[in-house]
file target.tsv (TSV, C-alpha atoms)
chain	number	residue	atom	x	y	z
A	1	MET	CA	113.98	132.23	104.46
A	2	SER	CA	110.77	134.25	104.61
A	3	ASN	CA	107.72	133.74	102.43
A	4	ALA	CA	107.99	137.25	101.07
A	5	ALA	CA	111.33	136.46	99.47
A	6	GLY	CA	109.82	133.69	97.36
A	7	THR	CA	109.28	133.82	93.63
A	8	THR	CA	107.89	131.32	91.15
A	9	GLY	CA	109.09	133.08	88.02
A	10	ALA	CA	112.09	130.82	87.45
A	11	LEU	CA	110.21	127.55	87.99
A	12	PRO	CA	109.90	125.19	85.02
A	13	ASP	CA	106.38	124.22	83.99
A	14	LEU	CA	104.76	121.06	85.31
A	15	LYS	CA	105.77	118.79	82.43
A	16	SER	CA	109.37	120.04	82.45
A	17	MET	CA	109.65	119.40	86.18
A	18	LEU	CA	108.42	115.84	85.88
A	19	ALA	CA	110.60	115.18	82.82
A	20	ARG	CA	113.68	116.21	84.78
A	21	LEU	CA	112.77	114.04	87.79
A	22	ILE	CA	112.07	111.02	85.57
A	23	ALA	CA	115.43	111.49	83.80
A	24	GLN	CA	117.31	111.11	87.10
A	25	PRO	CA	117.62	107.42	88.08
A	26	SER	CA	116.86	106.88	91.77
A	27	ILE	CA	116.12	103.17	92.00
A	28	SER	CA	116.25	101.65	95.45
A	29	SER	CA	116.80	97.93	95.78
A	30	ALA	CA	118.21	95.33	98.13
A	31	SER	CA	120.38	94.30	95.18
A	32	PRO	CA	123.53	96.48	94.97
A	33	LYS	CA	123.62	96.18	91.17
A	34	TRP	CA	120.28	98.06	90.96
A	35	ASP	CA	120.54	100.46	93.89
A	36	HIS	CA	121.08	104.17	93.12
A	37	SER	CA	121.55	107.32	95.13
A	38	ASN	CA	118.54	109.65	95.19
A	39	GLU	CA	120.70	112.75	95.73
A	40	ALA	CA	120.12	114.21	92.25
A	41	VAL	CA	116.34	114.13	92.71
A	42	ILE	CA	116.57	115.65	96.19
A	43	ARG	CA	118.85	118.49	95.05
A	44	THR	CA	116.63	119.19	92.04
A	45	LEU	CA	113.64	119.60	94.34
A	46	ALA	CA	115.71	121.88	96.55
A	47	ASP	CA	116.68	123.99	93.53
A	48	TRP	CA	112.99	124.57	92.78
A	49	LEU	CA	111.74	125.04	96.33
A	50	GLU	CA	114.37	127.44	97.70
A	51	PRO	CA	113.57	130.28	95.23
A	52	MET	CA	109.90	129.91	96.21
A	53	GLY	CA	110.79	130.82	99.79
A	54	PHE	CA	110.91	127.35	101.30
A	55	ASP	CA	113.46	126.75	104.03
A	56	VAL	CA	115.11	123.57	102.70
A	57	GLU	CA	116.95	120.96	104.76
A	58	ILE	CA	118.69	117.99	103.14
A	59	LEU	CA	119.28	115.18	105.62
A	60	GLU	CA	121.51	112.16	104.91
A	61	VAL	CA	119.89	108.90	105.99
A	62	PRO	CA	122.12	107.44	108.74
A	63	GLY	CA	123.94	104.30	107.67
A	64	ALA	CA	122.84	104.69	104.04
A	65	PRO	CA	125.50	106.57	102.03
A	66	GLY	CA	124.06	108.44	99.06
A	67	LYS	CA	120.50	108.38	100.42
A	68	PHE	CA	118.83	111.63	101.48
A	69	ASN	CA	115.57	113.03	102.82
A	70	LEU	CA	114.37	116.59	102.19
A	71	ILE	CA	112.24	118.77	104.43
A	72	ALA	CA	111.13	122.02	102.76
A	73	THR	CA	109.12	124.40	104.94
A	74	LEU	CA	107.16	127.47	103.84
A	75	GLY	CA	106.10	129.58	106.80
A	76	GLN	CA	106.76	129.18	110.50
A	77	GLY	CA	105.14	128.01	113.68
A	78	PRO	CA	103.66	124.81	115.09
A	79	GLY	CA	101.14	122.69	113.23
A	80	GLY	CA	100.84	122.82	109.49
A	81	LEU	CA	100.41	120.46	106.55
A	82	VAL	CA	102.94	117.98	105.13
A	83	LEU	CA	102.72	116.89	101.49
A	84	SER	CA	104.92	113.81	101.38
A	85	GLY	CA	106.34	111.49	98.76
A	86	HIS	CA	109.21	109.11	98.14
A	87	THR	CA	111.87	109.90	95.56
A	88	ASP	CA	112.90	106.35	94.69
A	89	THR	CA	111.52	103.90	92.14
A	90	VAL	CA	111.61	100.15	91.70
A	91	PRO	CA	113.95	98.44	89.20
A	92	PHE	CA	112.70	97.95	85.65
A	93	ASP	CA	112.95	95.63	82.64
A	94	ASP	CA	113.65	97.88	79.64
A	95	GLN	CA	112.83	95.01	77.25
A	96	ARG	CA	109.20	95.29	78.33
A	97	TRP	CA	108.95	99.08	77.96
A	98	GLN	CA	107.68	100.61	74.70
A	99	SER	CA	109.63	103.82	75.42
A	100	ASP	CA	112.70	104.85	77.42
A	101	PRO	CA	111.78	104.57	81.15
A	102	PHE	CA	113.90	107.67	81.86
A	103	THR	CA	112.31	109.86	79.18
A	104	LEU	CA	108.91	111.38	79.88
A	105	THR	CA	106.82	110.34	76.88
A	106	GLU	CA	103.33	111.62	76.11
A	107	ARG	CA	100.86	109.47	74.21
A	108	ASP	CA	97.15	108.60	74.46
A	109	GLY	CA	96.51	111.27	77.07
A	110	ARG	CA	99.16	109.86	79.40
A	111	TRP	CA	102.66	110.63	80.58
A	112	TYR	CA	104.82	107.50	80.52
A	113	GLY	CA	108.03	107.03	82.50
A	114	LEU	CA	109.52	105.22	85.49
A	115	GLY	CA	108.05	106.87	88.57
A	116	THR	CA	105.35	108.91	86.84
A	117	CYS	CA	102.65	107.63	89.20
A	118	ASP	CA	104.78	105.92	91.87
A	119	MET	CA	105.54	108.53	92.72
A	120	LYS	CA	107.73	111.29	91.32
A	121	GLY	CA	104.68	112.79	89.63
A	122	PHE	CA	103.35	113.96	92.98
A	123	PHE	CA	106.19	116.45	93.57
A	124	PRO	CA	105.60	118.78	90.58
A	125	LEU	CA	101.87	118.75	91.41
A	126	ALA	CA	102.55	119.65	95.05
A	127	ILE	CA	104.90	122.43	93.92
A	128	GLU	CA	102.28	123.67	91.44
A	129	ALA	CA	99.70	123.76	94.25
A	130	ALA	CA	102.16	125.65	96.48
A	131	ARG	CA	102.77	128.37	93.85
A	132	GLU	CA	99.47	129.96	94.86
A	133	VAL	CA	100.63	130.72	98.42
A	134	VAL	CA	104.17	131.94	97.69
A	135	GLY	CA	104.47	135.41	99.19
A	136	VAL	CA	101.33	134.92	101.26
A	137	GLN	CA	101.49	135.03	105.05
A	138	LEU	CA	100.64	131.51	106.20
A	139	ARG	CA	98.81	130.85	109.45
A	140	GLN	CA	100.41	127.38	109.64
A	141	PRO	CA	103.44	126.14	107.67
A	142	LEU	CA	103.33	124.11	104.48
A	143	ILE	CA	105.95	121.35	104.34
A	144	ILE	CA	107.00	119.35	101.31
A	145	LEU	CA	108.68	116.14	102.42
A	146	ALA	CA	110.72	113.87	100.12
A	147	THR	CA	112.06	110.55	101.36
A	148	ALA	CA	114.54	107.85	100.35
A	149	ASP	CA	114.24	104.09	99.89
A	150	GLU	CA	110.50	103.60	100.35
A	151	GLU	CA	110.55	100.83	97.74
A	152	SER	CA	113.17	98.78	99.59
A	153	SER	CA	113.87	99.38	103.28
A	154	MET	CA	111.73	102.43	104.12
A	155	ASN	CA	114.83	103.63	105.97
A	156	GLY	CA	114.20	107.23	104.92
A	157	ALA	CA	110.89	107.37	106.77
A	158	ARG	CA	112.32	105.39	109.69
A	159	ALA	CA	115.16	107.92	110.05
A	160	LEU	CA	112.70	110.81	110.10
A	161	ALA	CA	110.60	109.13	112.79
A	162	GLU	CA	113.70	108.47	114.90
A	163	ALA	CA	114.78	112.11	114.49
A	164	GLY	CA	111.32	113.42	115.35
A	165	ARG	CA	111.06	115.36	112.07
A	166	PRO	CA	109.13	117.06	110.62
A	167	LYS	CA	106.95	118.75	113.21
A	168	ALA	CA	103.46	119.39	111.87
A	169	ARG	CA	99.81	118.50	112.44
A	170	TYR	CA	98.61	116.85	109.22
A	171	ALA	CA	100.23	114.77	106.47
A	172	VAL	CA	99.08	113.61	103.05
A	173	ILE	CA	101.21	110.96	101.33
A	174	GLY	CA	100.73	111.22	97.58
A	175	GLU	CA	100.89	107.51	96.70
A	176	PRO	CA	98.76	106.55	93.67
A	177	THR	CA	95.19	106.05	94.90
A	178	GLY	CA	93.26	107.56	91.98
A	179	LEU	CA	92.70	110.62	94.22
A	180	ARG	CA	90.58	108.54	96.59
A	181	PRO	CA	91.53	109.04	100.24
A	182	VAL	CA	92.97	106.04	102.08
A	183	ARG	CA	92.88	105.94	105.86
A	184	MET	CA	94.11	102.41	106.57
A	185	HIS	CA	96.27	99.61	105.25
A	186	LYS	CA	97.61	96.31	106.51
A	187	GLY	CA	101.16	95.80	107.72
A	188	ILE	CA	103.84	93.62	106.12
A	189	MET	CA	105.97	91.10	107.98
A	190	MET	CA	108.37	88.72	106.22
A	191	GLU	CA	109.94	86.22	108.58
A	192	ARG	CA	112.65	83.54	108.58
A	193	LEU	CA	112.28	80.36	110.66
A	194	ARG	CA	115.20	77.92	110.70
A	195	PHE	CA	115.83	74.65	112.51
A	196	ASP	CA	119.27	73.06	112.71
A	197	GLY	CA	119.53	69.45	113.88
A	198	GLN	CA	121.92	66.56	113.39
A	199	SER	CA	122.37	64.50	110.23
A	200	GLY	CA	122.80	60.74	110.26
A	201	HIS	CA	121.98	57.60	108.32
A	202	SER	CA	118.28	57.36	107.57
A	203	SER	CA	118.21	53.68	108.58
A	204	ASN	CA	118.41	54.66	112.26
A	205	PRO	CA	116.47	57.78	113.36
A	206	ALA	CA	118.28	57.75	116.70
A	207	LEU	CA	121.51	58.79	114.96
A	208	GLY	CA	120.31	62.36	114.37
A	209	HIS	CA	117.72	65.08	114.96
A	210	ASN	CA	115.48	65.66	111.95
A	211	ALA	CA	114.99	69.37	111.24
A	212	LEU	CA	112.42	68.67	108.52
A	213	GLU	CA	110.20	66.77	110.93
A	214	GLY	CA	110.51	69.65	113.38
A	215	MET	CA	109.50	72.06	110.62
A	216	HIS	CA	106.47	69.89	109.84
A	217	GLU	CA	105.34	70.35	113.43
A	218	ALA	CA	106.12	74.08	113.30
A	219	LEU	CA	104.04	74.46	110.14
A	220	THR	CA	101.08	72.97	111.97
A	221	GLU	CA	101.55	75.52	114.77
A	222	LEU	CA	101.72	78.40	112.29
A	223	LEU	CA	98.57	77.32	110.46
A	224	THR	CA	96.77	76.92	113.79
A	225	LEU	CA	97.83	80.45	114.75
A	226	ARG	CA	96.58	81.74	111.39
A	227	GLU	CA	93.21	80.14	112.02
A	228	GLN	CA	93.02	81.63	115.51
A	229	TRP	CA	94.02	85.12	114.35
A	230	GLN	CA	91.54	85.06	111.49
A	231	ALA	CA	88.77	84.09	113.90
A	232	LYS	CA	89.73	86.87	116.32
A	233	TYR	CA	90.61	89.76	113.97
A	234	GLN	CA	88.36	90.91	111.11
A	235	ASN	CA	87.97	94.28	109.42
A	236	PRO	CA	85.19	94.72	106.84
A	237	ASN	CA	86.93	97.77	105.34
A	238	PHE	CA	89.42	95.45	103.59
A	239	GLU	CA	88.71	93.29	100.55
A	240	VAL	CA	90.49	90.47	102.41
A	241	GLN	CA	88.96	91.10	105.82
A	242	VAL	CA	91.31	88.97	107.91
A	243	PRO	CA	95.07	88.91	108.57
A	244	THR	CA	96.84	86.58	106.15
A	245	LEU	CA	99.80	84.27	106.69
A	246	ASN	CA	101.43	82.84	103.56
A	247	LEU	CA	103.96	80.01	103.66
A	248	GLY	CA	106.19	81.27	100.89
A	249	CYS	CA	109.21	78.99	100.47
A	250	ILE	CA	110.97	76.16	102.26
A	251	HIS	CA	114.40	74.55	101.89
A	252	GLY	CA	116.02	71.70	103.77
A	253	GLY	CA	118.09	68.57	103.71
A	254	ASP	CA	120.32	67.19	100.99
A	255	ASN	CA	119.48	63.51	100.32
A	256	PRO	CA	116.66	60.99	100.84
A	257	ASN	CA	118.82	58.63	102.86
A	258	ARG	CA	120.21	61.21	105.30
A	259	ILE	CA	118.44	62.58	108.35
A	260	CYS	CA	117.65	66.19	107.52
A	261	ALA	CA	120.09	68.44	109.41
A	262	ASP	CA	118.62	71.83	108.54
A	263	CYS	CA	115.37	73.31	107.29
A	264	GLU	CA	114.41	76.93	106.65
A	265	LEU	CA	110.99	78.48	106.04
A	266	HIS	CA	110.19	82.01	104.81
A	267	PHE	CA	106.67	83.28	105.39
A	268	ASP	CA	104.66	86.47	104.98
A	269	LEU	CA	102.20	87.85	107.55
A	270	ARG	CA	99.85	90.79	106.83
A	271	PRO	CA	98.43	92.10	110.13
A	272	LEU	CA	95.34	94.29	110.36
A	273	PRO	CA	95.32	97.67	112.12
A	274	GLY	CA	95.27	97.00	115.86
A	275	MET	CA	97.63	94.01	115.64
A	276	ASP	CA	101.09	94.66	117.09
A	277	MET	CA	104.00	93.15	115.16
A	278	ASP	CA	106.24	92.56	118.19
A	279	THR	CA	103.39	90.76	119.95
A	280	LEU	CA	102.77	88.60	116.87
A	281	ARG	CA	106.44	87.62	116.70
A	282	GLN	CA	106.50	86.78	120.41
A	283	THR	CA	103.38	84.63	120.06
A	284	ILE	CA	104.96	82.72	117.17
A	285	LEU	CA	108.15	82.19	119.14
A	286	GLU	CA	106.20	80.87	122.15
A	287	ARG	CA	104.57	78.27	119.89
A	288	ILE	CA	107.73	77.27	118.02
A	289	ARG	CA	110.32	77.17	120.80
A	290	PRO	CA	108.83	74.08	122.53
A	291	VAL	CA	109.00	72.20	119.21
A	292	ALA	CA	112.73	72.91	118.96
A	293	GLU	CA	113.33	71.96	122.59
A	294	ARG	CA	111.45	68.65	122.35
A	295	ARG	CA	113.34	67.66	119.22
A	296	SER	CA	116.80	68.93	120.31
A	297	LEU	CA	116.92	71.42	117.43
A	298	SER	CA	118.56	74.82	117.46
A	299	LEU	CA	116.14	77.59	116.48
A	300	LEU	CA	116.56	80.82	114.51
A	301	PHE	CA	113.53	83.10	114.15
A	302	GLU	CA	114.06	86.59	112.77
A	303	PRO	CA	112.54	89.16	110.37
A	304	LEU	CA	113.78	89.13	106.78
A	305	PHE	CA	113.31	92.91	106.98
A	306	ASP	CA	112.02	95.18	109.72
A	307	GLY	CA	108.49	95.20	108.35
A	308	VAL	CA	105.84	97.85	107.91
A	309	PRO	CA	103.30	98.30	110.71
A	310	PRO	CA	99.59	98.42	109.91
A	311	PHE	CA	98.12	101.92	109.63
A	312	GLU	CA	94.77	103.47	110.51
A	313	THR	CA	93.45	107.01	110.91
A	314	LYS	CA	90.01	107.39	112.46
A	315	ALA	CA	87.07	107.87	110.10
A	316	ASP	CA	86.06	111.14	111.80
A	317	ALA	CA	89.55	112.69	111.80
A	318	GLU	CA	89.65	116.26	110.52
A	319	LEU	CA	92.00	115.45	107.63
A	320	VAL	CA	89.88	112.48	106.54
A	321	LEU	CA	86.73	114.59	106.49
A	322	ALA	CA	88.50	117.37	104.57
A	323	CYS	CA	89.78	114.97	101.90
A	324	GLU	CA	86.41	113.29	101.58
A	325	LYS	CA	84.76	116.66	101.01
A	326	LEU	CA	87.35	117.76	98.43
A	327	THR	CA	87.29	114.50	96.48
A	328	GLY	CA	83.69	113.36	96.88
A	329	HIS	CA	84.95	109.90	97.90
A	330	THR	CA	84.67	108.11	101.24
A	331	ALA	CA	88.06	107.17	102.71
A	332	HIS	CA	88.80	103.46	102.33
A	333	ALA	CA	91.39	100.74	102.96
A	334	VAL	CA	94.05	99.34	100.61
A	335	ALA	CA	96.19	96.23	100.49
A	336	PHE	CA	99.54	97.93	99.82
A	337	ALA	CA	101.75	99.47	102.49
A	338	THR	CA	103.13	103.02	102.72
A	339	GLU	CA	105.26	105.28	104.90
A	340	ALA	CA	102.13	106.37	106.80
A	341	PRO	CA	102.95	104.49	110.04
A	342	TRP	CA	106.17	106.47	110.49
A	343	LEU	CA	104.51	109.85	109.89
A	344	GLN	CA	101.83	108.75	112.33
A	345	LYS	CA	104.56	108.00	114.89
A	346	LEU	CA	105.53	111.68	114.61
A	347	GLY	CA	102.06	112.60	115.84
A	348	LEU	CA	100.78	113.60	112.40
A	349	GLU	CA	97.17	112.94	111.44
A	350	THR	CA	97.98	111.02	108.26
A	351	LEU	CA	96.15	110.05	105.08
A	352	VAL	CA	97.27	108.51	101.77
A	353	MET	CA	95.97	110.11	98.57
A	354	GLY	CA	97.52	110.90	95.22
A	355	PRO	CA	97.13	110.76	91.46
A	356	GLY	CA	97.54	107.64	89.35
A	357	SER	CA	96.60	104.02	89.89
A	358	ILE	CA	98.44	101.50	92.03
A	359	ASP	CA	97.76	99.07	89.16
A	360	GLN	CA	100.37	101.02	87.14
A	361	ALA	CA	102.97	101.03	89.91
A	362	HIS	CA	105.91	98.63	89.44
A	363	GLN	CA	104.71	97.86	85.89
A	364	PRO	CA	106.31	98.29	82.46
A	365	ASP	CA	105.03	101.43	80.71
A	366	GLU	CA	104.07	103.04	84.01
A	367	TYR	CA	101.98	106.14	83.33
A	368	LEU	CA	100.05	109.04	84.83
A	369	GLU	CA	96.76	110.07	83.23
A	370	LEU	CA	96.81	113.75	82.20
A	371	SER	CA	93.20	113.96	83.40
A	372	GLN	CA	94.51	113.52	86.97
A	373	LEU	CA	96.71	116.63	86.93
A	374	ASP	CA	94.24	119.49	87.40
A	375	PRO	CA	92.12	117.65	89.98
A	376	THR	CA	95.25	116.89	92.03
A	377	VAL	CA	96.34	120.53	92.08
A	378	ARG	CA	92.80	121.64	92.96
A	379	ILE	CA	92.55	119.18	95.87
A	380	LEU	CA	96.01	120.04	97.23
A	381	ARG	CA	95.23	123.75	97.04
A	382	GLY	CA	92.03	123.08	98.96
A	383	LEU	CA	94.03	121.33	101.69
A	384	ILE	CA	96.61	124.13	101.80
A	385	LYS	CA	93.82	126.69	102.11
A	386	GLN	CA	92.14	124.80	104.94
A	387	PHE	CA	95.21	123.84	106.98
A	388	CYS	CA	97.77	126.59	106.24
A	389	LEU	CA	95.88	129.84	105.49

call {"tool": "encode", "arguments": {"input": "target.tsv", "output": "structure tokens"}}
result
Amino acid sequence: MSNAAGTTGALPDLKSMLARLIAQPSISSASPKWDHSNEAVIRTLADWLEPMGFDVEILEVPGAPGKFNLIATLGQGPGGLVLSGHTDTVPFDDQRWQSDPFTLTERDGRWYGLGTCDMKGFFPLAIEAAREVVGVQLRQPLIILATADEESSMNGARALAEAGRPKARYAVIGEPTGLRPVRMHKGIMMERLRFDGQSGHSSNPALGHNALEGMHEALTELLTLREQWQAKYQNPNFEVQVPTLNLGCIHGGDNPNRICADCELHFDLRPLPGMDMDTLRQTILERIRPVAERRSLSLLFEPLFDGVPPFETKADAELVLACEKLTGHTAHAVAFATEAPWLQKLGLETLVMGPGSIDQAHQPDEYLELSQLDPTVRILRGLIKQFCL
């Protein structure tokens, strides 16, 4: 569909667009009782973008029935700018909300609703920014990207990376950063370590193989690794400047007078940019495997989920400099993870920047400050002008 065919006359206003998106549940969760399809949100965005002249593709996420990504492209050619967001939200506790999470409610200079800042609110603002170039011949395309399941598996972004889509040069992910550009974040790894041994009467240790004692030794190895990594890797851009390893929960055994037959540990590792997750897992395995072999224990070591790689875009990258100029803020680092690593895998120069505060994300009475609306549209229009016109 050509740009010239586009029209913005039938588009709802900004508040009406957000109200409709908020009213459509699109929770993603590992728990089936909470998990929703995001199809209604995706098709609503398509209904708004197609009349504007965007070429809209709706892509089902492989292996995830009811989950969809959307790629909407205005203009043609290589390069271009991606404005990206996720369409899903986290679950909620309605007992802790002062208003209906699925009804956009205005009070105290804020719009309240589930997903207002994290991050359905970004889509109407991106569409509002795009209105200005409808019917204009673009030098490079403008792409609005909407993904599935960021809050749970990130399978929407993974599927796009595996498919090699979209093709572009630059990408801004509109996660809530208070309109301050973010050029790096840590990764997230959540791992399961399990030893299985042999139970027996506690009066004679030779009758069994104690998995809990093996885990004690493994814990020492993990804490030693943490100390070594923190001595080797440091990044002053982060509030916590070193990689962290948290021993989260442990379960094992069944009785004081039985040799412990099984023990399982779950831990969390947050690597800095420059640390490779596969290498970290291999290093852990090389330290833990000898413990299992010495103690005649079977070993299971696997991710609890696939993890999110650390992310970094260079300080002097063109997109970073453009966003710094438009916002007046120096690009910085954050502790939370995003879909940025997968867009980066596509070869896109990537940055995270959007309205709202991460402090409001995943909270009861989530809101978006009305004072953030006009600045967001102004900044996005500045990026479209620089990278598409």

call {"tool": "residues_around", "arguments": {"input": "target.tsv", "residues": "Tyr112 of chain A", "least_positions_apart": "3", "cutoff": "12 Å", "atoms": "all atoms listed in the file", "output": "MDAnalysis selection string"}}
result
chainID A and resid 15 18:19 22:23 97:109 115:118 120:121 356 360:361 363:370

call {"tool": "write_last_selection", "arguments": {"input": "target.tsv", "atoms": "C-alpha atoms", "output": "PDB file, in the coordinates of the input"}}
result
ATOM      1  CA  LYS A  15     105.770 118.790  82.430  1.00  0.00           C
ATOM      2  CA  LEU A  18     108.420 115.840  85.880  1.00  0.00           C
ATOM      3  CA  ALA A  19     110.600 115.180  82.820  1.00  0.00           C
ATOM      4  CA  ILE A  22     112.070 111.020  85.570  1.00  0.00           C
ATOM      5  CA  ALA A  23     115.430 111.490  83.800  1.00  0.00           C
ATOM      6  CA  TRP A  97     108.950  99.080  77.960  1.00  0.00           C
ATOM      7  CA  GLN A  98     107.680 100.610  74.700  1.00  0.00           C
ATOM      8  CA  SER A  99     109.630 103.820  75.420  1.00  0.00           C
ATOM      9  CA  ASP A 100     112.700 104.850  77.420  1.00  0.00           C
ATOM     10  CA  PRO A 101     111.780 104.570  81.150  1.00  0.00           C
ATOM     11  CA  PHE A 102     113.900 107.670  81.860  1.00  0.00           C
ATOM     12  CA  THR A 103     112.310 109.860  79.180  1.00  0.00           C
ATOM     13  CA  LEU A 104     108.910 111.380  79.880  1.00  0.00           C
ATOM     14  CA  THR A 105     106.820 110.340  76.880  1.00  0.00           C
ATOM     15  CA  GLU A 106     103.330 111.620  76.110  1.00  0.00           C
ATOM     16  CA  ARG A 107     100.860 109.470  74.210  1.00  0.00           C
ATOM     17  CA  ASP A 108      97.150 108.600  74.460  1.00  0.00           C
ATOM     18  CA  GLY A 109      96.510 111.270  77.070  1.00  0.00           C
ATOM     19  CA  GLY A 115     108.050 106.870  88.570  1.00  0.00           C
ATOM     20  CA  THR A 116     105.350 108.910  86.840  1.00  0.00           C
ATOM     21  CA  CYS A 117     102.650 107.630  89.200  1.00  0.00           C
ATOM     22  CA  ASP A 118     104.780 105.920  91.870  1.00  0.00           C
ATOM     23  CA  LYS A 120     107.730 111.290  91.320  1.00  0.00           C
ATOM     24  CA  GLY A 121     104.680 112.790  89.630  1.00  0.00           C
ATOM     25  CA  GLY A 356      97.540 107.640  89.350  1.00  0.00           C
ATOM     26  CA  GLN A 360     100.370 101.020  87.140  1.00  0.00           C
ATOM     27  CA  ALA A 361     102.970 101.030  89.910  1.00  0.00           C
ATOM     28  CA  GLN A 363     104.710  97.860  85.890  1.00  0.00           C
ATOM     29  CA  PRO A 364     106.310  98.290  82.460  1.00  0.00           C
ATOM     30  CA  ASP A 365     105.030 101.430  80.710  1.00  0.00           C
ATOM     31  CA  GLU A 366     104.070 103.040  84.010  1.00  0.00           C
ATOM     32  CA  TYR A 367     101.980 106.140  83.330  1.00  0.00           C
ATOM     33  CA  LEU A 368     100.050 109.040  84.830  1.00  0.00           C
ATOM     34  CA  GLU A 369      96.760 110.070  83.230  1.00  0.00           C
ATOM     35  CA  LEU A 370      96.810 113.750  82.200  1.00  0.00           C
TER      36      LEU A 370
END

call {"tool": "closest_residue", "arguments": {"input": "target.tsv", "among": "A:Ala129, A:Ala72, A:Leu83, A:Met277", "to": "Leu351 of chain A", "atoms": "all atoms listed in the file"}}
result
A:Leu83

call {"tool": "atom_distance", "arguments": {"input": "target.tsv", "atom1": "atom CA of Glu318 of chain A", "atom2": "atom CA of Met52 of chain A"}}
result
28.3 Å

call {"tool": "atom_distance", "arguments": {"input": "target.tsv", "atom1": "atom CA of Pro124 of chain A", "atom2": "atom CA of Trp48 of chain A"}}
result
9.6 Å

call {"tool": "closest_atom_pairs", "arguments": {"input": "target.tsv", "of": "segment 336-388 of chain A", "to": "segment 252-275 of chain A", "cutoff": "12 Å", "atoms": "all atoms listed in the file", "output": "tab-separated table"}}
result
residue	atom	partner	partner_atom	distance
A:Phe336	CA	A:Arg270	CA	10.0
A:Ala337	CA	A:Arg270	CA	9.9
A:Pro341	CA	A:Pro273	CA	10.4

call {"tool": "atom_distance", "arguments": {"input": "target.tsv", "atom1": "atom CA of Ala163 of chain A", "atom2": "atom CA of Gly85 of chain A"}}
result
17.9 Å
